[in-house]
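Chemist: See target.cif below, with mmCIF, C-alpha atoms, pLDDT in the B column; chains and numbers go by the auth columns.
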data_protein
loop_
_atom_site.group_PDB
_atom_site.id
_atom_site.type_symbol
_atom_site.label_atom_id
_atom_site.label_comp_id
_atom_site.label_asym_id
_atom_site.label_seq_id
_atom_site.Cartn_x
_atom_site.Cartn_y
_atom_site.Cartn_z
_atom_site.B_iso_or_equiv
_atom_site.auth_seq_id
_atom_site.auth_asym_id
ATOM 1 C CA LYS A 1 103.163 76.017 96.003 84.00 13 A
ATOM 2 C CA LYS A 2 101.580 79.441 96.440 90.00 14 A
ATOM 3 C CA LEU A 3 104.677 80.607 98.255 94.00 15 A
ATOM 4 C CA PHE A 4 106.840 79.455 95.347 94.00 16 A
ATOM 5 C CA TYR A 5 104.747 81.426 92.835 92.00 17 A
ATOM 6 C CA PHE A 6 104.765 84.462 95.085 94.00 18 A
ATOM 7 C CA LEU A 7 108.553 84.317 95.399 95.00 19 A
ATOM 8 C CA LEU A 8 108.914 83.796 91.652 94.00 20 A
ATOM 9 C CA VAL A 9 106.741 86.832 90.861 92.00 21 A
ATOM 10 C CA LEU A 10 108.584 88.891 93.477 94.00 22 A
ATOM 11 C CA PHE A 11 111.949 87.879 92.002 94.00 23 A
ATOM 12 C CA LEU A 12 110.829 88.773 88.458 89.00 24 A
ATOM 13 C CA LEU A 13 109.444 92.092 89.662 89.00 25 A
ATOM 14 C CA ILE A 14 112.704 92.957 91.407 92.00 26 A
ATOM 15 C CA LEU A 15 114.622 91.874 88.305 89.00 27 A
ATOM 16 C CA GLY A 16 112.465 94.146 86.132 84.00 28 A
ATOM 17 C CA VAL A 17 112.839 97.129 88.448 86.00 29 A
ATOM 18 C CA THR A 18 116.605 96.768 88.664 89.00 30 A
ATOM 19 C CA PHE A 19 116.819 96.379 84.873 85.00 31 A
ATOM 20 C CA THR A 20 114.866 99.617 84.498 83.00 32 A
ATOM 21 C CA ILE A 21 117.121 101.445 86.961 85.00 33 A
ATOM 22 C CA HIS A 22 120.352 100.229 85.339 86.00 34 A
ATOM 23 C CA ASN A 23 119.226 100.882 81.727 82.00 35 A
ATOM 24 C CA PRO A 24 117.569 104.320 81.568 83.00 36 A
ATOM 25 C CA GLN A 25 119.025 105.242 78.166 88.00 37 A
ATOM 26 C CA ASP A 26 116.962 105.724 75.029 91.00 38 A
ATOM 27 C CA VAL A 27 117.380 103.475 72.016 92.00 39 A
ATOM 28 C CA LEU A 28 116.674 104.130 68.349 92.00 40 A
ATOM 29 C CA VAL A 29 114.931 101.419 66.383 89.00 41 A
ATOM 30 C CA GLU A 30 115.006 101.855 62.613 91.00 42 A
ATOM 31 C CA TYR A 31 112.662 99.716 60.564 86.00 43 A
ATOM 32 C CA TYR A 32 111.702 99.381 56.929 87.00 44 A
ATOM 33 C CA LEU A 33 110.256 102.224 54.833 88.00 45 A
ATOM 34 C CA GLY A 34 111.975 104.856 56.945 87.00 46 A
ATOM 35 C CA PHE A 35 110.009 104.060 60.081 90.00 47 A
ATOM 36 C CA SER A 36 111.946 104.721 63.265 92.00 48 A
ATOM 37 C CA TRP A 37 111.162 104.876 66.954 89.00 49 A
ATOM 38 C CA ARG A 38 113.141 106.353 69.829 93.00 50 A
ATOM 39 C CA GLY A 39 112.259 105.435 73.369 91.00 51 A
ATOM 40 C CA PRO A 40 113.416 103.844 76.602 89.00 52 A
ATOM 41 C CA LEU A 41 115.174 100.482 76.385 87.00 53 A
ATOM 42 C CA VAL A 42 112.836 98.989 78.974 86.00 54 A
ATOM 43 C CA ILE A 43 109.797 99.747 76.759 87.00 55 A
ATOM 44 C CA LEU A 44 111.467 98.028 73.816 88.00 56 A
ATOM 45 C CA VAL A 45 112.312 94.962 75.896 86.00 57 A
ATOM 46 C CA ALA A 46 108.815 94.814 77.427 86.00 58 A
ATOM 47 C CA ALA A 47 107.168 95.168 74.003 90.00 59 A
ATOM 48 C CA SER A 48 109.377 92.416 72.574 91.00 60 A
ATOM 49 C CA LEU A 49 108.507 90.168 75.492 88.00 61 A
ATOM 50 C CA ALA A 50 104.787 90.864 75.105 92.00 62 A
ATOM 51 C CA ILE A 51 104.882 90.171 71.353 95.00 63 A
ATOM 52 C CA GLY A 52 106.729 86.902 72.005 93.00 64 A
ATOM 53 C CA ILE A 53 104.155 85.858 74.598 91.00 65 A
ATOM 54 C CA VAL A 54 101.288 86.614 72.211 95.00 66 A
ATOM 55 C CA ILE A 55 102.878 84.702 69.321 94.00 67 A
ATOM 56 C CA GLY A 56 103.707 81.749 71.578 92.00 68 A
ATOM 57 C CA SER A 57 100.198 81.720 73.021 93.00 69 A
ATOM 58 C CA LEU A 58 98.638 81.752 69.560 92.00 70 A
ATOM 59 C CA ALA A 59 100.822 78.834 68.498 90.00 71 A
ATOM 60 C CA GLY A 60 99.805 76.918 71.619 92.00 72 A
ATOM 61 C CA LEU A 61 96.158 77.778 71.050 93.00 73 A
ATOM 62 C CA ALA A 62 96.296 76.382 67.509 89.00 74 A
ATOM 63 C CA LYS A 63 97.814 73.141 68.821 91.00 75 A
ATOM 64 C CA ASN A 64 95.187 72.884 71.583 94.00 76 A
ATOM 65 C CA LEU A 65 92.352 73.419 69.103 94.00 77 A
ATOM 66 C CA LYS A 66 93.705 70.573 66.954 93.00 78 A
ATOM 67 C CA LEU A 67 93.945 68.320 70.001 95.00 79 A
ATOM 68 C CA GLU A 68 90.375 69.183 71.047 95.00 80 A
ATOM 69 C CA GLU A 69 89.220 68.273 67.545 95.00 81 A
ATOM 70 C CA ASP A 70 91.029 64.926 67.796 95.00 82 A
ATOM 71 C CA ILE A 71 89.451 64.250 71.214 96.00 83 A
ATOM 72 C CA LEU A 72 85.980 64.983 69.830 96.00 84 A
ATOM 73 C CA GLU A 73 86.546 62.593 66.928 94.00 85 A
ATOM 74 C CA LEU A 74 87.750 59.835 69.255 94.00 86 A
ATOM 75 C CA ARG A 75 84.767 60.327 71.566 95.00 87 A
ATOM 76 C CA MET A 76 82.418 59.980 68.598 93.00 88 A
ATOM 77 C CA GLN A 77 84.215 56.754 67.621 89.00 89 A
ATOM 78 C CA ILE A 78 83.809 55.421 71.178 88.00 90 A
ATOM 79 C CA ARG A 79 80.080 56.251 71.163 89.00 91 A
ATOM 80 C CA TRP A 80 79.650 54.489 67.814 87.00 92 A
ATOM 81 C CA LEU A 81 81.541 51.416 69.016 85.00 93 A
ATOM 82 C CA LEU A 82 79.493 51.268 72.232 85.00 94 A
ATOM 83 C CA ALA A 83 76.233 51.744 70.323 86.00 95 A
ATOM 84 C CA THR A 84 77.006 49.005 67.773 84.00 96 A
ATOM 85 C CA LYS A 85 78.767 46.727 70.293 77.00 97 A
ATOM 86 C CA THR A 86 81.497 46.002 67.763 68.00 98 A
ATOM 87 C CA ILE A 87 85.176 45.630 68.373 66.00 99 A
ATOM 88 C CA PRO A 88 87.415 46.640 65.488 64.00 100 A
ATOM 89 C CA GLN A 89 89.888 43.965 64.342 62.00 101 A
#
As C-alpha coordinates, what does this structure read like?

Modeler:
Amino acid sequence: KKLFYFLLVLFLLILGVTFTIHNPQDVLVEYYLGFSWRGPLVILVAASLAIGIVIGSLAGLAKNLKLEEDILELRMQIRWLLATKTIPQ
(Lines of atoms letter the chains of each structure in order from A and count residues from 1; the text may use other names and numbers.)
(Lines give C-alpha, C1' and ligand atoms only; values in the text may rest on other atoms or scores of the structure.)
Protein backbone atom coordinates (compact mmCIF):
# COMPACT_ATOMS: atom_id res chain seq x y z
CA LYS A 1 0.00 0.00 0.00
CA LYS A 2 2.83 2.39 0.84
CA LEU A 3 4.53 1.47 -2.40
CA PHE A 4 1.35 2.29 -4.32
CA TYR A 5 1.12 5.75 -2.73
CA PHE A 6 4.80 6.37 -3.34
CA LEU A 7 4.44 5.43 -7.01
CA LEU A 8 1.31 7.57 -7.32
CA VAL A 9 3.06 10.62 -5.84
CA LEU A 10 6.11 9.99 -8.02
CA PHE A 11 3.91 9.74 -11.13
CA LEU A 12 2.08 12.98 -10.28
CA LEU A 13 5.37 14.74 -9.60
CA ILE A 14 6.79 13.63 -12.93
CA LEU A 15 3.55 14.67 -14.64
CA GLY A 16 3.78 18.12 -13.04
CA VAL A 17 7.42 18.59 -13.98
CA THR A 18 6.85 17.58 -17.59
CA PHE A 19 3.79 19.86 -17.78
CA THR A 20 5.95 22.74 -16.55
CA ILE A 21 8.68 21.98 -19.10
CA HIS A 22 6.26 21.70 -22.03
CA ASN A 23 4.22 24.82 -21.12
CA PRO A 24 6.63 27.64 -20.22
CA GLN A 25 4.58 30.39 -21.90
CA ASP A 26 2.88 33.22 -20.03
CA VAL A 27 -0.88 33.61 -20.02
CA LEU A 28 -3.02 36.70 -19.53
CA VAL A 29 -6.04 36.41 -17.30
CA GLU A 30 -8.51 39.29 -17.52
CA TYR A 31 -11.13 39.55 -14.82
CA TYR A 32 -13.88 41.96 -13.87
CA LEU A 33 -13.31 45.65 -13.08
CA GLY A 34 -10.23 45.79 -15.28
CA PHE A 35 -8.22 43.40 -13.14
CA SER A 36 -5.71 41.37 -15.12
CA TRP A 37 -2.81 39.09 -14.32
CA ARG A 38 0.02 37.85 -16.51
CA GLY A 39 2.09 34.91 -15.40
CA PRO A 40 3.23 31.38 -16.15
CA LEU A 41 0.58 28.85 -17.17
CA VAL A 42 1.77 26.40 -14.53
CA ILE A 43 1.06 28.95 -11.75
CA LEU A 44 -2.46 29.47 -13.08
CA VAL A 45 -3.11 25.73 -13.23
CA ALA A 46 -1.64 25.15 -9.75
CA ALA A 47 -3.68 28.01 -8.27
CA SER A 48 -6.86 26.68 -9.88
CA LEU A 49 -6.13 23.22 -8.52
CA ALA A 50 -5.46 24.59 -5.03
CA ILE A 51 -8.67 26.65 -5.04
CA GLY A 52 -10.64 23.58 -6.16
CA ILE A 53 -9.11 21.48 -3.38
CA VAL A 54 -9.97 24.12 -0.77
CA ILE A 55 -13.57 24.48 -1.98
CA GLY A 56 -14.02 20.71 -2.14
CA SER A 57 -12.53 20.27 1.33
CA LEU A 58 -14.82 22.92 2.79
CA ALA A 59 -17.84 21.21 1.24
CA GLY A 60 -16.73 17.88 2.69
CA LEU A 61 -16.09 19.48 6.06
CA ALA A 62 -19.62 20.89 6.16
CA LYS A 63 -21.04 17.44 5.37
CA ASN A 64 -18.86 15.79 8.04
CA LEU A 65 -19.94 18.33 10.66
CA LYS A 66 -23.59 17.56 9.89
CA LEU A 67 -22.92 13.83 10.18
CA GLU A 68 -21.11 14.31 13.51
CA GLU A 69 -24.12 16.25 14.77
CA ASP A 70 -26.43 13.41 13.70
CA ILE A 71 -24.18 10.85 15.44
CA LEU A 72 -24.25 12.88 18.66
CA GLU A 73 -28.04 13.08 18.55
CA LEU A 74 -28.36 9.33 17.99
CA ARG A 75 -25.95 8.58 20.84
CA MET A 76 -28.04 10.75 23.16
CA GLN A 77 -31.16 8.83 22.06
CA ILE A 78 -29.41 5.52 22.80
CA ARG A 79 -28.38 6.72 26.27
CA TRP A 80 -31.95 7.84 27.00
CA LEU A 81 -33.38 4.52 25.81
CA LEU A 82 -30.87 2.55 27.90
CA ALA A 83 -31.52 4.72 30.96
CA THR A 84 -35.32 4.40 30.73
CA LYS A 85 -35.24 0.77 29.52
CA THR A 86 -37.93 1.54 26.96
CA ILE A 87 -38.21 0.26 23.45
CA PRO A 88 -39.93 2.59 21.00
CA GLN A 89 -42.89 1.07 19.12

Chemist: What's the separation between atom CA of A:Asp38 and atom CA of A:Ala58, in Å to one decimal place?

Modeler: 13.8 Å

Chemist: Enter the distance from atom CA of A:Ile90 to atom CA of A:Asn76, in Å, rounded to one decimal.

Modeler: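 Computing the Euclidean distance for atom CA of A:Ile90 and atom CA of A:Asn76 yields 20.8 Å.
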
Chemist: Determine the nearest neighbour of A:His34 from the options A:Leu79, A:Val54, A:Leu70, A:Ile63, counting only C-alpha atoms.

Modeler: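 Looking at the shortest contact to A:His34, the residue is A:Val54.
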
Chemist: I'd like to see the residues matched by the PyMOL selection byres ((chain A and resi 35-37) around 9) on this file, and ideally I'd get them as a list in words.

Modeler: Thr30, Phe31, Thr32, Ile33, His34, Asp38, Val39, Gly51, Pro52, Leu53 and Val54 of chain A

Chemist: Please indicate the distance in Å from atom CA of A:Ile65 to atom CA of A:Gly46, rounded to one decimal place.

Modeler: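 Taking atom CA of A:Ile65 as the start and atom CA of A:Gly46 as the end point, the length is 27.1 Å.
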